[in-house]
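Q: So I've got this file, entry.tsv, and it contains TSV, C-alpha atoms and all ligand atoms:
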```tsv
chain	number	residue	atom	x	y	z
I	1	MET	CA	14.22	-27.99	-12.59
I	2	LEU	CA	14.09	-25.43	-9.81
I	3	GLY	CA	12.05	-26.53	-6.78
I	4	LYS	CA	11.84	-23.44	-4.61
I	5	ILE	CA	13.39	-20.13	-3.70
I	6	SER	CA	13.79	-18.87	-0.16
I	7	ILE	CA	14.17	-15.38	1.20
I	8	ILE	CA	16.21	-15.14	4.40
I	9	GLY	CA	15.26	-12.00	6.31
I	10	GLY	CA	17.63	-9.10	6.90
I	11	LEU	CA	16.96	-5.69	8.43
I	12	ASP	CA	14.12	-3.18	8.13
I	13	LYS	CA	14.68	0.55	7.53
I	14	ASP	CA	15.49	1.14	11.21
I	15	GLY	CA	18.05	-1.62	11.21
I	16	ASN	CA	15.88	-4.02	13.23
I	17	PRO	CA	15.71	-7.68	12.17
I	18	GLU	CA	12.72	-8.41	9.95
I	19	LYS	CA	9.89	-10.20	11.77
I	20	VAL	CA	9.66	-12.79	9.01
I	21	GLN	CA	13.04	-14.48	9.06
I	22	ARG	CA	12.42	-17.03	6.33
I	23	LEU	CA	10.01	-17.41	3.47
I	24	ASP	CA	9.84	-20.24	0.89
I	25	ILE	CA	8.04	-20.21	-2.44
I	26	ALA	CA	7.72	-23.48	-4.35
I	27	ALA	CA	7.42	-24.05	-8.09
I	28	GLY	CA	3.89	-23.36	-9.34
I	29	GLU	CA	3.12	-21.04	-6.44
I	30	VAL	CA	2.35	-17.34	-6.18
I	31	LEU	CA	3.57	-15.09	-3.39
I	32	ALA	CA	1.69	-11.79	-3.15
I	33	VAL	CA	3.69	-8.85	-1.80
I	34	VAL	CA	1.48	-6.26	-0.14
I	35	GLY	CA	1.84	-3.16	2.02
I	36	PRO	CA	1.59	0.62	1.91
I	37	THR	CA	3.58	2.93	-0.35
I	38	GLY	CA	7.24	3.02	0.58
I	39	SER	CA	7.04	-0.15	2.69
I	40	GLY	CA	9.64	-1.97	0.60
I	41	LYS	CA	7.70	-4.12	-1.89
I	42	THR	CA	9.76	-3.17	-4.93
I	43	GLN	CA	12.94	-3.54	-2.88
I	44	LEU	CA	11.99	-7.14	-2.03
I	45	ILE	CA	11.44	-7.91	-5.73
I	46	SER	CA	14.74	-6.27	-6.55
I	47	ASP	CA	16.59	-8.36	-3.90
I	48	ILE	CA	15.36	-11.47	-5.68
I	49	GLU	CA	16.26	-10.12	-9.08
I	50	GLN	CA	19.80	-9.48	-7.85
I	51	TYR	CA	20.13	-12.79	-5.95
I	52	ALA	CA	20.95	-10.76	-2.88
I	53	ASP	CA	23.56	-12.36	-0.69
I	54	GLY	CA	23.70	-9.93	2.20
I	55	GLU	CA	25.15	-7.12	0.09
I	56	THR	CA	21.98	-5.11	-0.67
I	57	LEU	CA	20.64	-2.43	1.68
I	58	THR	CA	18.26	-4.92	3.32
I	59	GLY	CA	20.91	-7.52	4.08
I	60	ARG	CA	18.64	-10.30	2.76
I	61	THR	CA	19.89	-13.55	1.29
I	62	ILE	CA	18.15	-15.40	-1.51
I	63	LEU	CA	18.51	-19.18	-1.66
I	64	ILE	CA	17.75	-21.23	-4.73
I	65	ASP	CA	16.99	-24.80	-3.72
I	66	GLU	CA	18.78	-23.97	-0.45
I	67	GLN	CA	21.91	-22.73	-2.25
I	68	PRO	CA	23.10	-19.12	-1.99
I	69	MET	CA	24.52	-17.40	-5.02
I	70	ASP	CA	28.10	-18.55	-5.62
I	71	GLN	CA	30.47	-16.12	-3.92
I	72	GLY	CA	32.17	-13.87	-6.40
I	73	SER	CA	31.23	-15.79	-9.52
I	74	GLU	CA	28.75	-13.95	-11.72
I	75	ASP	CA	27.01	-17.12	-12.80
I	76	LYS	CA	25.48	-16.34	-16.16
I	77	GLU	CA	23.08	-19.27	-15.92
I	78	LEU	CA	21.47	-17.71	-12.86
I	79	ARG	CA	20.63	-14.58	-14.79
I	80	HIS	CA	18.21	-16.64	-16.83
I	81	LEU	CA	16.30	-17.70	-13.73
I	82	VAL	CA	14.31	-14.52	-13.44
I	83	ALA	CA	11.92	-12.88	-15.88
I	84	GLU	CA	10.26	-9.59	-15.08
I	85	VAL	CA	6.89	-8.35	-16.26
I	86	SER	CA	6.59	-4.66	-15.54
I	87	GLN	CA	3.74	-2.21	-15.72
I	88	ASN	CA	5.17	0.20	-18.27
I	89	MET	CA	6.76	-2.22	-20.66
I	90	ASN	CA	6.70	-1.42	-24.34
I	91	PHE	CA	8.83	-2.93	-27.08
I	92	VAL	CA	11.31	-0.61	-28.75
I	93	ILE	CA	12.82	-3.12	-31.17
I	94	ASP	CA	11.88	-2.44	-34.76
I	95	MET	CA	10.97	-5.94	-35.99
I	96	SER	CA	7.89	-8.06	-36.50
I	97	ILE	CA	6.45	-10.21	-33.73
I	98	GLU	CA	7.36	-13.31	-35.71
I	99	GLU	CA	10.99	-12.26	-36.21
I	100	PHE	CA	11.34	-11.43	-32.54
I	101	LEU	CA	9.82	-14.69	-31.30
I	102	LEU	CA	11.81	-16.71	-33.82
I	103	MET	CA	14.99	-15.06	-32.59
I	104	HIS	CA	14.09	-15.76	-28.99
I	105	ALA	CA	13.16	-19.38	-29.77
I	106	GLN	CA	16.51	-19.87	-31.53
I	107	VAL	CA	18.44	-18.44	-28.58
I	108	ARG	CA	16.62	-20.94	-26.38
I	109	ALA	CA	17.29	-23.74	-28.89
I	110	ILE	CA	13.61	-24.64	-29.13
I	111	ASN	CA	12.62	-27.43	-31.52
I	112	ASN	CA	9.85	-26.61	-33.94
I	113	PRO	CA	9.88	-22.83	-33.36
I	114	GLN	CA	6.95	-22.21	-35.72
I	115	LYS	CA	4.65	-24.26	-33.53
I	116	THR	CA	5.92	-22.48	-30.40
I	117	ILE	CA	5.39	-19.06	-31.99
I	118	GLN	CA	1.82	-20.02	-32.81
I	119	LYS	CA	1.31	-21.02	-29.18
I	120	VAL	CA	2.72	-17.70	-27.93
I	121	LEU	CA	0.36	-15.78	-30.20
I	122	THR	CA	-2.65	-17.83	-29.14
I	123	ILE	CA	-1.92	-17.24	-25.43
I	124	SER	CA	-1.16	-13.57	-26.02
I	125	ASN	CA	-4.40	-12.96	-27.87
I	126	GLU	CA	-6.33	-14.82	-25.21
I	127	LEU	CA	-4.84	-12.53	-22.57
I	128	SER	CA	-5.26	-9.17	-24.24
I	129	GLY	CA	-8.44	-9.66	-26.25
I	130	GLU	CA	-7.03	-7.31	-28.92
I	131	PRO	CA	-5.56	-9.76	-31.43
I	132	VAL	CA	-2.07	-9.26	-32.85
I	133	PHE	CA	-0.68	-10.95	-35.96
I	134	PRO	CA	2.77	-12.45	-36.62
I	135	THR	CA	3.57	-9.73	-39.15
I	136	ASP	CA	2.68	-6.84	-36.79
I	137	ASN	CA	5.61	-4.66	-35.83
I	138	LEU	CA	6.55	-4.78	-32.14
I	139	THR	CA	6.74	-1.00	-31.84
I	140	ARG	CA	3.09	-0.67	-32.86
I	141	LEU	CA	1.67	-2.83	-30.09
I	142	SER	CA	-0.47	-1.21	-27.41
I	143	GLY	CA	0.61	-1.42	-23.76
I	144	GLY	CA	-1.84	-4.24	-23.09
I	145	GLN	CA	-0.76	-6.16	-26.18
I	146	SER	CA	2.92	-5.78	-25.25
I	147	ARG	CA	2.38	-7.15	-21.77
I	148	ALA	CA	0.22	-10.00	-23.04
I	149	LEU	CA	2.96	-10.93	-25.50
I	150	MET	CA	5.55	-10.69	-22.74
I	151	VAL	CA	3.60	-13.00	-20.41
I	152	ALA	CA	2.99	-15.48	-23.25
I	153	ASP	CA	6.68	-15.36	-24.16
I	154	VAL	CA	7.74	-15.90	-20.53
I	155	ALA	CA	5.31	-18.82	-20.19
I	156	THR	CA	6.29	-20.52	-23.44
I	157	ILE	CA	9.76	-19.64	-24.71
I	158	SER	CA	11.73	-18.20	-21.81
I	159	ASN	CA	12.89	-20.93	-19.45
I	160	ALA	CA	13.06	-18.55	-16.48
I	161	PRO	CA	11.49	-20.42	-13.56
I	162	VAL	CA	10.95	-17.26	-11.51
I	163	VAL	CA	8.63	-14.48	-12.67
I	164	LEU	CA	8.54	-11.09	-10.93
I	165	ILE	CA	5.49	-8.93	-11.49
I	166	ASP	CA	5.40	-5.42	-10.01
I	167	GLU	CA	1.80	-4.17	-10.16
I	168	ILE	CA	-0.07	-5.72	-13.04
I	169	GLU	CA	-3.55	-4.39	-12.11
I	170	ASN	CA	-4.02	-1.85	-14.88
I	171	ALA	CA	-2.09	-3.86	-17.39
I	172	GLY	CA	-5.01	-4.24	-19.80
I	173	ILE	CA	-4.77	-8.01	-19.86
I	174	ASP	CA	-6.67	-10.84	-18.23
I	175	ARG	CA	-4.51	-10.90	-15.08
I	176	LEU	CA	-6.12	-13.93	-13.50
I	177	LYS	CA	-5.62	-15.99	-16.65
I	178	ALA	CA	-2.04	-14.75	-16.89
I	179	LEU	CA	-1.30	-15.96	-13.34
I	180	LYS	CA	-2.89	-19.34	-14.05
I	181	ILE	CA	-0.89	-19.79	-17.24
I	182	LEU	CA	2.38	-18.94	-15.51
I	183	THR	CA	1.84	-21.12	-12.43
I	184	GLY	CA	0.51	-23.88	-14.70
I	185	GLN	CA	3.99	-23.96	-16.24
I	186	GLY	CA	5.46	-24.56	-12.77
I	187	LYS	CA	6.81	-21.01	-12.46
I	188	ILE	CA	7.42	-19.31	-9.13
I	189	VAL	CA	5.55	-16.02	-9.30
I	190	LEU	CA	6.12	-13.02	-7.05
I	191	LEU	CA	3.46	-10.44	-7.45
I	192	VAL	CA	3.33	-6.94	-5.99
I	193	SER	CA	-0.32	-6.03	-5.87
I	194	HIS	CA	-3.01	-3.88	-4.27
I	195	ASP	CA	-5.80	-5.86	-5.89
I	196	PRO	CA	-7.78	-8.17	-3.54
I	197	THR	CA	-8.49	-10.70	-6.28
I	198	LEU	CA	-4.84	-11.06	-7.20
I	199	ILE	CA	-3.72	-11.08	-3.56
I	200	LEU	CA	-6.13	-13.88	-2.69
I	201	MET	CA	-5.10	-15.91	-5.76
I	202	ALA	CA	-1.72	-16.35	-4.09
I	203	ARG	CA	-1.16	-19.25	-1.72
I	204	GLN	CA	0.55	-16.88	0.69
I	205	ARG	CA	1.14	-13.17	1.10
I	206	VAL	CA	3.87	-11.23	2.80
I	207	ILE	CA	2.93	-7.92	4.40
I	208	MET	CA	5.69	-5.31	4.16
I	209	LYS	CA	6.16	-2.59	6.78
I	210	ASN	CA	8.94	-0.02	7.17
I	211	GLY	CA	11.16	-1.90	4.72
I	212	GLY	CA	10.78	-5.25	6.48
I	213	MET	CA	8.77	-8.44	5.94
I	214	ASP	CA	6.35	-7.96	8.82
I	215	LYS	CA	3.83	-10.80	8.49
I	216	LEU	CA	3.38	-13.92	6.39
I	217	TYR	CA	-0.17	-15.22	5.90
I	218	GLN	CA	-1.41	-18.35	4.15
I	219	THR	CA	-4.64	-17.77	2.25
I	220	THR	CA	-7.41	-19.40	4.31
I	221	VAL	CA	-10.30	-21.52	3.06
I	222	GLU	CA	-12.66	-18.71	4.00
I	223	GLU	CA	-10.61	-16.22	1.97
I	224	LYS	CA	-10.64	-18.62	-1.01
I	225	LYS	CA	-14.45	-18.57	-0.84
I	226	ILE	CA	-14.44	-14.78	-0.97
I	227	LEU	CA	-12.05	-15.05	-3.91
I	228	GLU	CA	-14.57	-17.19	-5.81
I	229	GLY	CA	-17.13	-14.42	-5.35
I	230	LEU	CA	-14.64	-11.80	-6.51
I	231	ILE	CA	-13.74	-13.82	-9.60
I	232	GLY	CA	-17.43	-14.20	-10.43
I	233	GLN	CA	-17.83	-10.46	-10.08
I	234	GLU	CA	-14.80	-9.82	-12.31
I	235	LYS	CA	-16.16	-12.10	-15.01
I	236	HIS	CA	-19.42	-10.24	-14.81
I	237	PHE	CA	-17.60	-6.92	-15.15
I	238	ALA	CA	-15.49	-8.19	-18.04
I	239	SER	CA	-18.55	-9.34	-19.90
I	240	LEU	CA	-20.32	-6.04	-19.25
I	241	ARG	CA	-17.23	-4.22	-20.51
I	242	ASP	CA	-17.04	-6.33	-23.66
I	243	HIS	CA	-20.68	-5.57	-24.40
I	244	LEU	CA	-20.19	-1.85	-23.86
I	245	ARG	CA	-16.96	-1.69	-25.85
I	246	SER	CA	-18.49	-3.52	-28.79
I	247	GLY	CA	-21.29	-0.98	-28.89
I	248	LYS	CA	-24.09	-3.04	-27.37
I	249	ARG	CA	-26.66	-1.60	-25.01
I	250	ILE	CA	-27.36	-3.37	-21.76
I	251	GLY	CA	-30.16	-3.53	-19.29
I	252	MET	CA	-32.62	-1.82	-21.61
I	253	LYS	CA	-35.02	-4.65	-22.16
I	254	ASN	CA	-36.59	-6.77	-19.53
I	255	GLU	CA	-34.77	-9.96	-20.45
I	256	ASN	CA	-31.43	-8.11	-20.47
I	257	LYS	CA	-32.21	-6.73	-17.07
I	258	GLU	CA	-32.57	-10.26	-15.77
I	259	GLU	CA	-29.24	-11.21	-17.29
I	260	TRP	CA	-27.16	-8.20	-16.29
I	261	TYR	CA	-28.73	-6.83	-13.16
I	262	ARG	CA	-29.30	-10.10	-11.44
I	263	GLY	CA	-26.18	-11.93	-12.55
I	264	GLN	CA	-25.26	-15.02	-10.54
I	265	SER	CA	-21.97	-13.45	-9.57
I	266	PHE	CA	-23.36	-10.50	-7.64
I	267	GLY	CA	-25.76	-12.77	-5.78
I	268	THR	CA	-22.96	-15.17	-4.90
I	269	LEU	CA	-20.70	-12.38	-3.79
I	270	SER	CA	-23.16	-10.75	-1.45
I	271	ALA	CA	-24.13	-14.12	0.01
I	272	GLU	CA	-20.49	-14.95	0.70
I	273	TYR	CA	-19.89	-11.59	2.32
I	274	GLN	CA	-22.83	-12.02	4.67
I	275	GLN	CA	-21.07	-14.96	6.30
I	276	ILE	CA	-18.14	-12.80	7.36
I	277	PRO	CA	-18.72	-10.83	10.58
I	278	GLY	CA	-18.47	-7.16	9.75
I	279	GLY	CA	-18.46	-8.04	6.00
I	280	ASN	CA	-19.95	-5.61	3.59
I	281	ALA	CA	-21.89	-6.55	0.46
I	282	GLN	CA	-20.32	-3.76	-1.54
I	283	GLY	CA	-21.03	-3.78	-5.24
I	284	ALA	CA	-24.16	-5.89	-4.86
I	285	ARG	CA	-27.29	-4.64	-6.60
I	286	SER	CA	-30.04	-3.51	-4.30
I	287	GLU	CA	-32.28	-6.43	-5.32
I	288	ASP	CA	-29.56	-8.89	-4.40
I	289	ALA	CA	-28.79	-7.14	-1.16
I	290	GLY	CA	-32.50	-7.30	-0.33
I	291	GLU	CA	-32.56	-11.02	-1.03
I	292	THR	CA	-29.60	-11.57	1.23
I	293	ARG	CA	-31.17	-9.61	4.05
I	294	ASP	CA	-34.28	-11.78	3.72
I	295	ARG	CA	-32.22	-14.94	3.91
I	296	ASP	CA	-30.36	-13.56	6.89
I	297	SER	CA	-33.46	-12.72	8.89
I	298	ASN	CA	-34.83	-16.25	8.44
D	1	LIG	N1	14.98	-2.81	4.55
D	1	LIG	C1	15.29	-1.60	4.00
D	1	LIG	N2	16.32	-0.88	4.44
D	1	LIG	C2	16.62	0.32	3.90
D	1	LIG	N3	15.94	0.88	2.89
D	1	LIG	C3	14.89	0.22	2.39
D	1	LIG	C4	14.50	-1.06	2.90
D	1	LIG	N4	13.43	-1.50	2.21
D	1	LIG	C5	13.16	-0.53	1.32
D	1	LIG	N5	14.02	0.50	1.40
D	1	LIG	C6	14.03	1.72	0.60
D	1	LIG	O1	12.82	2.43	0.84
D	1	LIG	C7	12.33	3.05	-0.34
D	1	LIG	C8	10.90	2.61	-0.62
D	1	LIG	O2	10.85	1.21	-0.87
D	1	LIG	P1	10.07	0.60	-2.11
D	1	LIG	O3	10.28	1.40	-3.32
D	1	LIG	O4	10.45	-0.83	-2.20
D	1	LIG	O5	8.56	0.76	-1.61
D	1	LIG	P2	7.22	0.19	-2.26
D	1	LIG	O6	6.53	-0.60	-1.22
D	1	LIG	O7	7.53	-0.51	-3.54
D	1	LIG	O8	6.39	1.51	-2.52
D	1	LIG	P3	5.28	1.80	-3.69
D	1	LIG	O9	4.03	1.12	-3.24
D	1	LIG	O10	5.16	3.28	-3.64
D	1	LIG	O11	5.83	1.29	-4.98
D	1	LIG	C9	13.29	2.65	-1.44
D	1	LIG	O12	14.22	3.68	-1.64
D	1	LIG	C10	13.98	1.41	-0.88
D	1	LIG	O13	15.26	1.21	-1.43
D	2	MG	MG	7.03	-0.16	-5.60
```
Write out the structure in this file as structure tokens.

A:
Amino acid sequence: MLGKISIIGGLDKDGNPEKVQRLDIAAGEVLAVVGPTGSGKTQLISDIEQYADGETLTGRTILIDEQPMDQGSEDKELRHLVAEVSQNMNFVIDMSIEEFLLMHAQVRAINNPQKTIQKVLTISNELSGEPVFPTDNLTRLSGGQSRALMVADVATISNAPVVLIDEIENAGIDRLKALKILTGQGKIVLLVSHDPTLILMARQRVIMKNGGMDKLYQTTVEEKKILEGLIGQEKHFASLRDHLRSGKRIGMKNENKEEWYRGQSFGTLSAEYQQIPGGNAQGARSEDAGETRDRDSN
């Protein structure tokens, strides 16, 4: 069982040593990778994917439980350490979901593959909300269904302890649940993201600048509180979306108004934000904002 991976800093784009010279991520933890376009986020992910040992353009070294990649030897076992979930993934293999999963389970020598396949499908359908069936052909899955199946497969069948995710925000799946499922399996997750909710879900985040790891922050207790508000807001949004997509009307009747306009989540969010100097209760309904102002002036 893999305990942690470490990134030993190399050089930024100007050839200066990276400010962050060492970074460890333990099993079951998420590292968020953030920073502007072109700052080197994808490059960092790719260094890990390649088990860089000073030979990539950043000069970084990746350690697995303190060990560098064996010099010269292309260790095949190591290749199985990393699974990647990418934004534009679609299956091109012409076979049913069941055939594919069975094949994968056999490669991994999994006992009782039927039970495992059932588990993969349950997780996948929980993540995408658009159910797929064992007999469905892989090529006919939507983007969201493909990624949900991929995450479920990585969590259940693949024994890769490291999961790399480059921008999952518009992936059409329940991203928060996906992260929980993966870390719940003791995976190390590296996540490139611009989404505050996902960034704050991580225990730590590295801020990239000019090709280098510039800062490393642990998520603070205060930030975790803001995260709770954001998650509440997301749940509220998801439930609104489900109602709208299934053809329901919202906020038309008085009792609905209570439920949707004055949802607990918006109230919680704006209250949390008020405690942060310079915070901004964006997204709060005017009624809620009013309430918060009243509380504030007391
Ligand atoms: N330390 C470095 N030294 C030299 N080149 C680098 C370094 N880091 C990144 N690069 C190069 O800079 C370019 C931009 O990096 P990268 O694609 O990783 O940015 P990004 O943060 O993922 O951007 P985006 O948000 O647009 O996806 C790439 O060609 C990459 O290989
Ligand atoms: Mg990128």

Q: Distance atom CA of Leu127 of chain I-atom CA of Ala178 of chain I, one decimal place?

A: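 Separation of atom CA of Leu127 of chain I and atom CA of Ala178 of chain I: 6.7 Å.
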
Q: Can you measure atom CA of Asp242 of chain I to atom CA of Leu191 of chain I for me? One decimal in Å is fine.

A: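 Spanning atom CA of Asp242 of chain I to atom CA of Leu191 of chain I is a straight-line distance of 26.5 Å.
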
Q: Kindly compile the residues surrounding ligand LIG 1 (chain D) within 9 Å, counting all atoms listed in the file, and format them as an NGL selection string.

A: :I and (10-16 or 18 or 33-46 or 56-60 or 166-167 or 192-194 or 208-213)

Q: Between I:Ile64, I:Ser86, I:Gly3, I:Ile231, which one has atoms that come closest to ligand MG 2 (chain D), using all atoms listed in the file?

A: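 Of I:Ile64, I:Ser86, I:Gly3, I:Ile231, the one nearest ligand MG 2 (chain D), counting all atoms listed in the file, is I:Ser86.
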
Q: Which residue gives the smallest distance to ligand MG 2 (chain D) among I:Leu179, I:Glu223, I:Ile165, I:Gly186, with only C-alpha atoms and all ligand atoms counted?

A: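 Distance minimum relative to ligand MG 2 (chain D) lands on I:Ile165.
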
Q: Pick from I:Ile97, I:Leu149, I:Ala26, I:Val85: nearest to Glu49 of chain I, with only C-alpha atoms counted?

A: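 Smallest distance to Glu49 of chain I is found for I:Val85.
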
Q: Taking all atoms listed in the file into account, which of I:Arg22, I:Val30, I:Ser239, I:Ser124 comes nearest Arg203 of chain I?

A: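 Looking at the shortest contact to Arg203 of chain I, the residue is I:Val30.
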
Q: Which protein, DNA or RNA residues are at most 12 Å from (3.0, -17.7, -32.6) in the file's coordinates when you count all atoms listed in the file, listed as JSON, numbers by chain?

A: {"I": [96, 97, 98, 99, 100, 101, 102, 104, 105, 112, 113, 114, 115, 116, 117, 118, 119, 120, 121, 122, 123, 124, 125, 131, 132, 133, 134, 135, 136, 149, 152, 153, 156, 157]}

Q: Deliver the residues from the most recent selection as a file, using C-alpha atoms, as a short mmCIF file (atom, residue, chain, number, x, y, z; two decimals), in the frame of the given file.

A:
```cif
data_model
loop_
_atom_site.label_atom_id
_atom_site.label_comp_id
_atom_site.auth_asym_id
_atom_site.auth_seq_id
_atom_site.Cartn_x
_atom_site.Cartn_y
_atom_site.Cartn_z
CA SER I 96 7.89 -8.06 -36.50
CA ILE I 97 6.45 -10.21 -33.73
CA GLU I 98 7.36 -13.31 -35.71
CA GLU I 99 10.99 -12.26 -36.21
CA PHE I 100 11.34 -11.43 -32.54
CA LEU I 101 9.82 -14.69 -31.30
CA LEU I 102 11.81 -16.71 -33.82
CA HIS I 104 14.09 -15.76 -28.99
CA ALA I 105 13.16 -19.38 -29.77
CA ASN I 112 9.85 -26.61 -33.94
CA PRO I 113 9.88 -22.83 -33.36
CA GLN I 114 6.95 -22.21 -35.72
CA LYS I 115 4.65 -24.26 -33.53
CA THR I 116 5.92 -22.48 -30.40
CA ILE I 117 5.39 -19.06 -31.99
CA GLN I 118 1.82 -20.02 -32.81
CA LYS I 119 1.31 -21.02 -29.18
CA VAL I 120 2.72 -17.70 -27.93
CA LEU I 121 0.36 -15.78 -30.20
CA THR I 122 -2.65 -17.83 -29.14
CA ILE I 123 -1.92 -17.24 -25.43
CA SER I 124 -1.16 -13.57 -26.02
CA ASN I 125 -4.40 -12.96 -27.87
CA PRO I 131 -5.56 -9.76 -31.43
CA VAL I 132 -2.07 -9.26 -32.85
CA PHE I 133 -0.68 -10.95 -35.96
CA PRO I 134 2.77 -12.45 -36.62
CA THR I 135 3.57 -9.73 -39.15
CA ASP I 136 2.68 -6.84 -36.79
CA LEU I 149 2.96 -10.93 -25.50
CA ALA I 152 2.99 -15.48 -23.25
CA ASP I 153 6.68 -15.36 -24.16
CA THR I 156 6.29 -20.52 -23.44
CA ILE I 157 9.76 -19.64 -24.71
#
```

Q: Given the choices I:Leu240, I:Leu176, I:Leu81, I:Met1, which gets closest to Ala160 of chain I if the distance is worked out from only C-alpha atoms?

A: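 Among I:Leu240, I:Leu176, I:Leu81, I:Met1, it is I:Leu81 that comes nearest to Ala160 of chain I.
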
Q: Have a look at atom CA of Lys187 of chain I and atom CA of Gly28 of chain I and let me know their distance in Å, one decimal.

A: 4.9 Å

Q: With distances taken over all atoms listed in the file, which residue among I:Leu23, I:Phe237, I:Val189, I:Ile8 lies nearest Ile207 of chain I?

A: I:Leu23

Q: Using the file's own x, y and z axes, so that the box edges lie along x, y and z, what centre and edge lengths in Å (one decimal) does a box around every listed atom of segment 66-70 of chain I get when 6 Å is added on each side? Give it as AutoDock Vina command-line options.

A:
```
--center_x 23.4 --center_y -20.7 --center_z -3.0 --size_x 21.3 --size_y 18.6 --size_z 17.2
```
